[in-house]
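S.K.: Here you go, data27.cif (mmCIF, C-alpha atoms):
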data_query
loop_
_atom_site.label_atom_id
_atom_site.label_comp_id
_atom_site.auth_asym_id
_atom_site.auth_seq_id
_atom_site.Cartn_x
_atom_site.Cartn_y
_atom_site.Cartn_z
CA HIS A 1 136.58 124.25 37.67
CA GLY A 2 134.74 121.35 35.97
CA GLY A 3 134.96 119.24 39.17
CA ALA A 4 133.76 122.13 41.31
CA LEU A 5 130.82 122.78 39.00
CA ALA A 6 129.92 119.08 38.94
CA THR A 7 130.08 118.93 42.75
CA ALA A 8 127.96 122.08 43.06
CA ALA A 9 125.43 120.68 40.59
CA SER A 10 125.33 117.40 42.49
CA VAL A 11 124.74 119.20 45.80
CA ALA A 12 122.05 121.35 44.20
CA ASP A 13 120.32 118.28 42.73
CA THR A 14 120.44 116.54 46.13
CA THR A 15 119.06 119.61 47.86
CA ASP A 16 116.30 119.95 45.28
CA ALA A 17 115.48 116.26 45.63
CA LYS A 18 115.28 116.53 49.42
CA GLY A 19 113.16 119.65 49.14
CA CYS A 20 110.87 118.02 46.60
CA SER A 21 110.65 114.87 48.72
CA HIS A 22 109.81 116.91 51.82
CA CYS A 23 107.17 118.86 49.89
CA CYS A 24 105.62 115.65 48.55
CA CYS A 25 105.56 114.12 52.03
CA SER A 26 103.88 117.22 53.43
CA ARG A 27 101.27 117.21 50.68
CA GLY A 28 100.68 113.49 51.15
CA ALA A 29 100.24 113.89 54.90
CA LYS A 30 97.85 116.78 54.35
CA LEU A 31 95.80 114.78 51.84
CA ARG A 32 95.63 111.81 54.20
CA GLU A 33 94.54 114.11 57.02
CA GLU A 34 91.79 115.63 54.85
CA GLU A 35 90.63 112.16 53.75
CA GLU A 36 90.48 110.95 57.36
CA LYS A 37 88.54 114.07 58.34
CA GLU A 38 86.04 113.58 55.50
CA HIS A 39 85.64 109.91 56.44
CA GLU A 40 85.05 110.81 60.10
CA GLU A 41 82.53 113.51 59.19
CA GLY A 42 80.69 111.08 56.93
CA GLU A 43 80.63 108.46 59.69
CA ASP A 44 79.29 111.05 62.14
CA MET A 45 76.42 111.94 59.79
CA ARG A 46 75.59 108.25 59.30
CA ARG A 47 75.58 107.82 63.07
CA VAL A 48 73.19 110.78 63.43
CA ARG A 49 70.80 109.28 60.86
CA ARG A 50 70.88 105.81 62.42
CA SER A 51 70.38 107.15 65.93
CA PHE A 52 67.54 109.48 64.91
CA LEU A 53 65.68 106.74 63.03
CA ALA A 54 66.14 104.33 65.95
CA SER A 55 64.79 106.85 68.47
CA TRP A 56 61.90 107.74 66.16
CA SER A 57 60.98 104.07 65.73
CA ALA A 58 61.15 103.50 69.49
CA PHE A 59 58.92 106.54 70.06
CA TRP A 60 56.17 105.31 67.75
CA ALA A 61 56.49 101.67 68.79
CA CYS A 62 54.78 102.43 72.11
CA ARG A 63 52.09 104.72 70.62
CA ARG A 64 49.08 104.28 68.38
CA LEU A 65 47.75 106.75 65.85
CA SER A 66 44.28 106.22 67.29
CA GLY A 67 45.50 107.73 70.56
CA LEU A 68 46.56 111.02 68.98
CA PRO A 69 44.18 113.97 69.51
CA LEU A 70 42.52 115.18 66.31
CA ASP A 71 41.79 118.56 67.86
CA PRO A 72 44.95 120.72 67.66
CA VAL A 73 43.71 122.79 70.62
CA ALA A 74 44.00 119.63 72.71
CA LEU A 75 47.77 119.91 72.48
CA VAL A 76 47.62 123.38 74.07
CA ARG A 77 45.32 122.11 76.82
CA ARG A 78 47.68 119.19 77.46
CA ALA A 79 50.68 121.53 77.68
CA ARG A 80 48.87 123.74 80.22
CA LYS A 81 47.81 120.71 82.22
CA ASP A 82 51.41 119.45 82.30
CA ALA A 83 52.61 122.90 83.41
CA HIS A 84 50.11 122.93 86.28
CA ARG A 85 51.20 119.44 87.32
CA PHE A 86 54.84 120.51 87.33
CA GLN A 87 54.06 123.57 89.47
CA ALA A 88 52.11 121.40 91.91
CA LEU A 89 55.03 118.98 92.08
CA CYS A 90 57.43 121.83 92.88
CA ARG A 91 55.12 123.04 95.66
CA ASP A 92 55.11 119.57 97.19
CA LEU A 93 58.88 119.34 97.32
CA PRO A 94 60.49 119.64 100.75
CA PRO A 95 62.11 123.01 101.59
CA TRP A 96 65.65 123.53 100.36
CA THR A 97 67.96 123.50 103.36
CA ASP A 98 71.31 122.53 101.85
CA THR A 99 72.70 126.06 101.61
CA THR A 100 76.29 124.80 101.28
CA THR A 101 75.41 123.28 97.91
CA LEU A 102 73.41 126.26 96.71
CA GLY A 103 76.46 128.51 96.32
CA PRO A 104 78.44 126.15 94.04
CA LEU A 105 75.27 125.51 92.01
CA CYS A 106 74.86 129.24 91.40
CA VAL A 107 78.50 129.54 90.29
CA ALA A 108 78.07 126.54 87.99
CA ALA A 109 74.98 128.20 86.48
CA VAL A 110 77.06 131.29 85.67
CA TYR A 111 79.60 129.10 83.86
CA ALA A 112 76.79 127.40 81.94
CA ARG A 113 75.64 130.81 80.70
CA ALA A 114 79.16 132.06 80.01
CA ALA A 115 79.75 129.09 77.67
CA TYR A 116 77.66 131.00 75.08
CA GLY A 117 80.28 133.75 74.99
CA LEU A 118 79.39 137.05 73.34
CA VAL A 119 75.77 136.01 72.71
CA ALA A 120 75.14 135.66 76.45
CA ARG A 121 77.21 138.74 77.36
CA MET A 122 75.04 140.89 75.07
CA GLY A 123 71.95 139.68 76.92
CA LEU A 124 70.42 137.92 73.93
CA PHE A 125 69.08 135.16 76.19
CA ASP A 126 67.48 137.54 78.71
CA SER A 127 64.00 137.20 77.20
CA ARG A 128 62.15 134.82 74.90
CA VAL A 129 61.81 137.46 72.21
CA ARG A 130 65.53 138.23 72.11
CA ALA A 131 66.41 134.53 72.25
CA SER A 132 64.11 133.83 69.29
CA LEU A 133 66.01 136.45 67.28
CA VAL A 134 69.26 134.56 67.90
CA PHE A 135 67.79 131.54 66.11
CA SER A 136 66.10 133.49 63.30
CA VAL A 137 66.85 137.07 62.21
CA GLN A 138 70.28 137.12 63.84
CA LYS A 139 71.33 134.11 61.76
CA VAL A 140 70.67 136.06 58.57
CA VAL A 141 71.95 139.51 59.55
CA PHE A 142 75.08 138.58 61.50
CA ASP A 143 75.44 135.16 63.11
CA LEU A 144 77.31 135.86 66.34
CA THR A 145 77.88 132.18 67.04
CA GLU A 146 79.70 131.70 63.74
CA HIS A 147 81.16 135.11 62.90
CA ALA A 148 82.21 136.58 66.24
CA ASP A 149 85.97 136.14 66.71
CA ASP A 150 87.49 134.00 69.44
CA ALA A 151 88.96 137.00 71.28
CA SER A 152 85.50 138.59 71.66
CA ASN A 153 83.98 135.35 72.92
CA THR A 154 86.83 134.74 75.35
CA GLY A 155 86.64 138.32 76.63
CA ALA A 156 82.89 137.98 77.20
CA PHE A 157 83.42 134.67 79.01
CA LEU A 158 86.06 136.18 81.31
CA GLU A 159 83.84 139.15 82.17
CA MET A 160 80.92 136.90 83.12
CA VAL A 161 82.93 134.54 85.33
CA ASN A 162 85.42 137.15 86.62
CA LEU A 163 88.58 135.29 85.62
CA ARG A 164 91.87 136.38 84.05
CA ARG A 165 92.93 135.48 80.55
CA GLU A 166 95.68 133.16 81.80
CA ASP A 167 93.01 131.15 83.66
CA VAL A 168 91.61 129.88 80.34
CA VAL A 169 93.30 126.55 79.63
CA HIS A 170 91.56 125.93 76.31
CA ALA A 171 88.67 127.47 74.38
CA GLN A 172 86.89 126.07 71.32
CA TRP A 173 84.22 128.58 70.31
CA ARG A 174 82.83 126.85 67.23
CA ALA A 175 81.06 123.55 66.90
CA THR A 176 82.93 121.81 64.09
CA GLY A 177 80.35 119.09 63.49
CA PRO A 178 77.95 116.74 65.24
CA PHE A 179 79.42 115.50 68.54
CA ARG A 180 82.01 118.33 68.37
CA PRO A 181 80.62 121.17 70.53
CA ALA A 182 82.01 124.51 71.57
CA PHE A 183 83.53 124.33 75.05
CA VAL A 184 85.88 126.09 77.47
CA ILE A 185 88.27 124.70 80.07
CA ALA A 186 89.24 127.18 82.79
CA ARG A 187 90.79 127.35 86.25
CA ASP A 188 88.73 128.90 89.02
CA HIS A 189 91.13 129.55 91.88
CA ASP A 190 88.47 130.89 94.25
CA MET A 191 86.33 127.76 93.92
CA LYS A 192 89.37 125.48 93.53
CA TRP A 193 87.79 124.10 90.36
CA LEU A 194 89.02 123.03 86.96
CA VAL A 195 85.89 123.81 84.97
CA VAL A 196 84.83 122.18 81.70
CA THR A 197 81.80 124.09 80.44
CA VAL A 198 80.09 122.96 77.24
CA ARG A 199 77.87 125.23 75.17
CA GLY A 200 74.34 124.02 74.48
CA THR A 201 72.33 124.05 71.26
CA ILE A 202 72.65 127.21 69.19
CA THR A 203 73.90 126.11 65.74
CA GLY A 204 72.84 123.60 63.11
CA LYS A 205 75.72 121.32 64.07
CA ASP A 206 74.48 121.30 67.67
CA ILE A 207 71.01 120.30 66.45
CA LEU A 208 72.54 117.30 64.65
CA THR A 209 73.96 116.18 68.00
CA ASP A 210 70.49 116.55 69.54
CA LEU A 211 68.92 114.46 66.76
CA ALA A 212 71.12 111.48 67.62
CA ALA A 213 68.62 110.70 70.36
CA ASP A 214 68.79 106.92 70.61
CA ALA A 215 69.46 105.47 74.08
CA VAL A 216 72.86 103.78 74.39
CA PRO A 217 74.46 101.99 77.36
CA PHE A 218 76.35 104.37 79.61
CA LEU A 219 77.89 103.48 82.99
CA ASP A 220 75.14 101.63 84.91
CA GLY A 221 72.28 102.86 82.75
CA PHE A 222 71.56 104.55 79.43
CA ALA A 223 72.29 107.94 77.89
CA HIS A 224 71.37 110.10 74.91
CA GLU A 225 73.67 108.83 72.15
CA GLY A 226 74.56 112.30 70.88
CA PHE A 227 75.60 113.49 74.34
CA ALA A 228 77.47 110.27 75.12
CA ARG A 229 79.39 110.48 71.85
CA MET A 230 80.10 114.18 72.45
CA THR A 231 81.47 113.39 75.90
CA GLU A 232 83.79 110.75 74.45
CA ARG A 233 85.10 113.28 71.93
CA LEU A 234 85.72 115.85 74.65
CA LEU A 235 87.68 113.37 76.77
CA ILE A 236 90.01 112.35 73.93
CA SER A 237 90.45 115.82 72.40
#
Represent the structure contained in this file as structure tokens.

M.R.:
Amino acid sequence: HGGALATAASVADTTDAKGCSHCCCSRGAKLREEEEKEHEEGEDMRRVRRSFLASWSAFWACRRLSGLPLDPVALVRRARKDAHRFQALCRDLPPWTDTTTLGPLCVAAVYARAAYGLVARMGLFDSRVRASLVFSVQKVVFDLTEHADDASNTGAFLEMVNLRREDVVHAQWRATGPFRPAFVIARDHDMKWLVVTVRGTITGKDILTDLAADAVPFLDGFAHEGFARMTERLLIS
């Protein structure tokens, strides 16, 4: 009996030790993961600050304060003048004849809208007034971009692009930080596309990506640093 009890106690101690060791390893791994995440988030915020200051310095380097209009109404006149110039430019463009490209462009535009999920499905971007509410009152009352569940956003996306649920390869409906946008990957069998649609600016984290506006080398030219960094994150995620 004594030997049996000693053996049982030994087995129990070994089991407890293994369990404790496994628990400690899990906690250690979790702590390391949280530390790495905090370090990465801190580095992202430092990158945003550096990029914003660099773009701001570059902006003012080619301008003089003496050239700024002192009359605030002049800014309105300049905006109207620019709008008229843009309209004149559009009128001077040659007629659009590439109808084979027009169809895919229209489909791509639907995907670009559907990337906003429930917000777009409810028609909150259908007018300037309703869109302004999304960025103001709606944020206080009930922020759809943050509080709507993934199932509602996915359902709205599927309705807008006329796909089935199994056609969604991956959906990330919340921006988790600067350079980490909301996006959806889906299969479109009719178009024979594998679509990666990225949501635009609608949260504070998206604005941080926009603020990283310095120009960085990209392919054969330059790109907005926030968008270039975001693209890198999408490709490795």

S.K.: Grab all the atoms of stretch 191-196 of chain A that the file lists, wrap them in a box along x, y and z, add 6 Å per side, and give me centre plus edge lengths in Å (one decimal) as AutoDock Vina command-line options.

M.R.:
--center_x 87.1 --center_y 125.0 --center_z 87.8 --size_x 16.5 --size_y 17.6 --size_z 24.2

S.K.: Could you tell me which residues the PyMOL selection byres ((chain A and resi 141-153) around 8) grabs in this file, written as a VMD selection string?

M.R.: chain A and resid 116 to 119 134 137 to 140 154 to 157 173 to 174 202 to 203

S.K.: Could you check the closest approach to A:Glu43 for each of A:Trp96, A:Trp56, A:Phe227, A:Phe179 and tell me which residue wins, using only C-alpha atoms?

M.R.: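 Checking each of A:Trp96, A:Trp56, A:Phe227, A:Phe179 against A:Glu43, counting only C-alpha atoms, the winner is A:Phe179.
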
S.K.: If I take atom CA of A:Arg78 and atom CA of A:Cys90, how far is one from the other in Å, to one decimal?

M.R.: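 Computing it gives 18.4 Å between the two atoms.
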
S.K.: Tell me, in Å to one decimal, how far atom CA of A:Asp190 is from atom CA of A:Thr99.

M.R.: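 Straight-line distance from atom CA of A:Asp190 to atom CA of A:Thr99 works out to 18.1 Å.
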
S.K.: From the list A:Arg80, A:Arg187, A:Arg32, A:Arg180, which residue is nearest A:Leu208 when using only C-alpha atoms?

M.R.: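 Using only C-alpha atoms, the shortest distance to A:Leu208 belongs to A:Arg180.
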
S.K.: Smallest atom-to-atom distance to A:Ile185: which of A:Asp44, A:Phe222, A:Tyr111, A:Gly103, using all atoms listed in the file?

M.R.: A:Tyr111

S.K.: Could you tell me how far atom CA of A:Val196 sits from atom CA of A:Leu234, in Å to one decimal place?

M.R.: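 About the pair atom CA of A:Leu234 and atom CA of A:Val196: they are 9.5 Å apart.
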
S.K.: Mind telling me what the PyMOL selection byres ((chain A and resi 172) around 7) catches here, as a ChimeraX atom specification?

M.R.: /A:170-171,173-174,182-184

S.K.: Suppose we keep C-alpha atoms; can you now write the selection as a PDB file, keeping the file's coordinate frame?

M.R.:
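Saved to part08.pdb:
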ATOM      1  CA  HIS A 170      91.560 125.930  76.310  1.00  0.00           C
ATOM      2  CA  ALA A 171      88.670 127.470  74.380  1.00  0.00           C
ATOM      3  CA  TRP A 173      84.220 128.580  70.310  1.00  0.00           C
ATOM      4  CA  ARG A 174      82.830 126.850  67.230  1.00  0.00           C
ATOM      5  CA  ALA A 182      82.010 124.510  71.570  1.00  0.00           C
ATOM      6  CA  PHE A 183      83.530 124.330  75.050  1.00  0.00           C
ATOM      7  CA  VAL A 184      85.880 126.090  77.470  1.00  0.00           C
TER       8      VAL A 184
END

S.K.: Taking into account all atoms listed in the file, which residue in the set A:Asp206, A:Thr176, A:Thr100, A:His224 is nearest to A:Glu41?

M.R.: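 Smallest distance to A:Glu41 is found for A:Thr176.
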
S.K.: Around (83.5, 133.4, 86.5), as given in the file, which residues come within 9 Å? Count all atoms listed in the file and list them as a PyMOL selection string.

M.R.: chain A and resi 107-108+110-111+114+157-163+188

S.K.: Nearest to A:Ser237 among A:Ala213, A:Phe59, A:Pro181, A:Arg46, with distances taken over only C-alpha atoms: which residue is it?

M.R.: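 Among the listed residues, the smallest separation from A:Ser237 belongs to A:Pro181.
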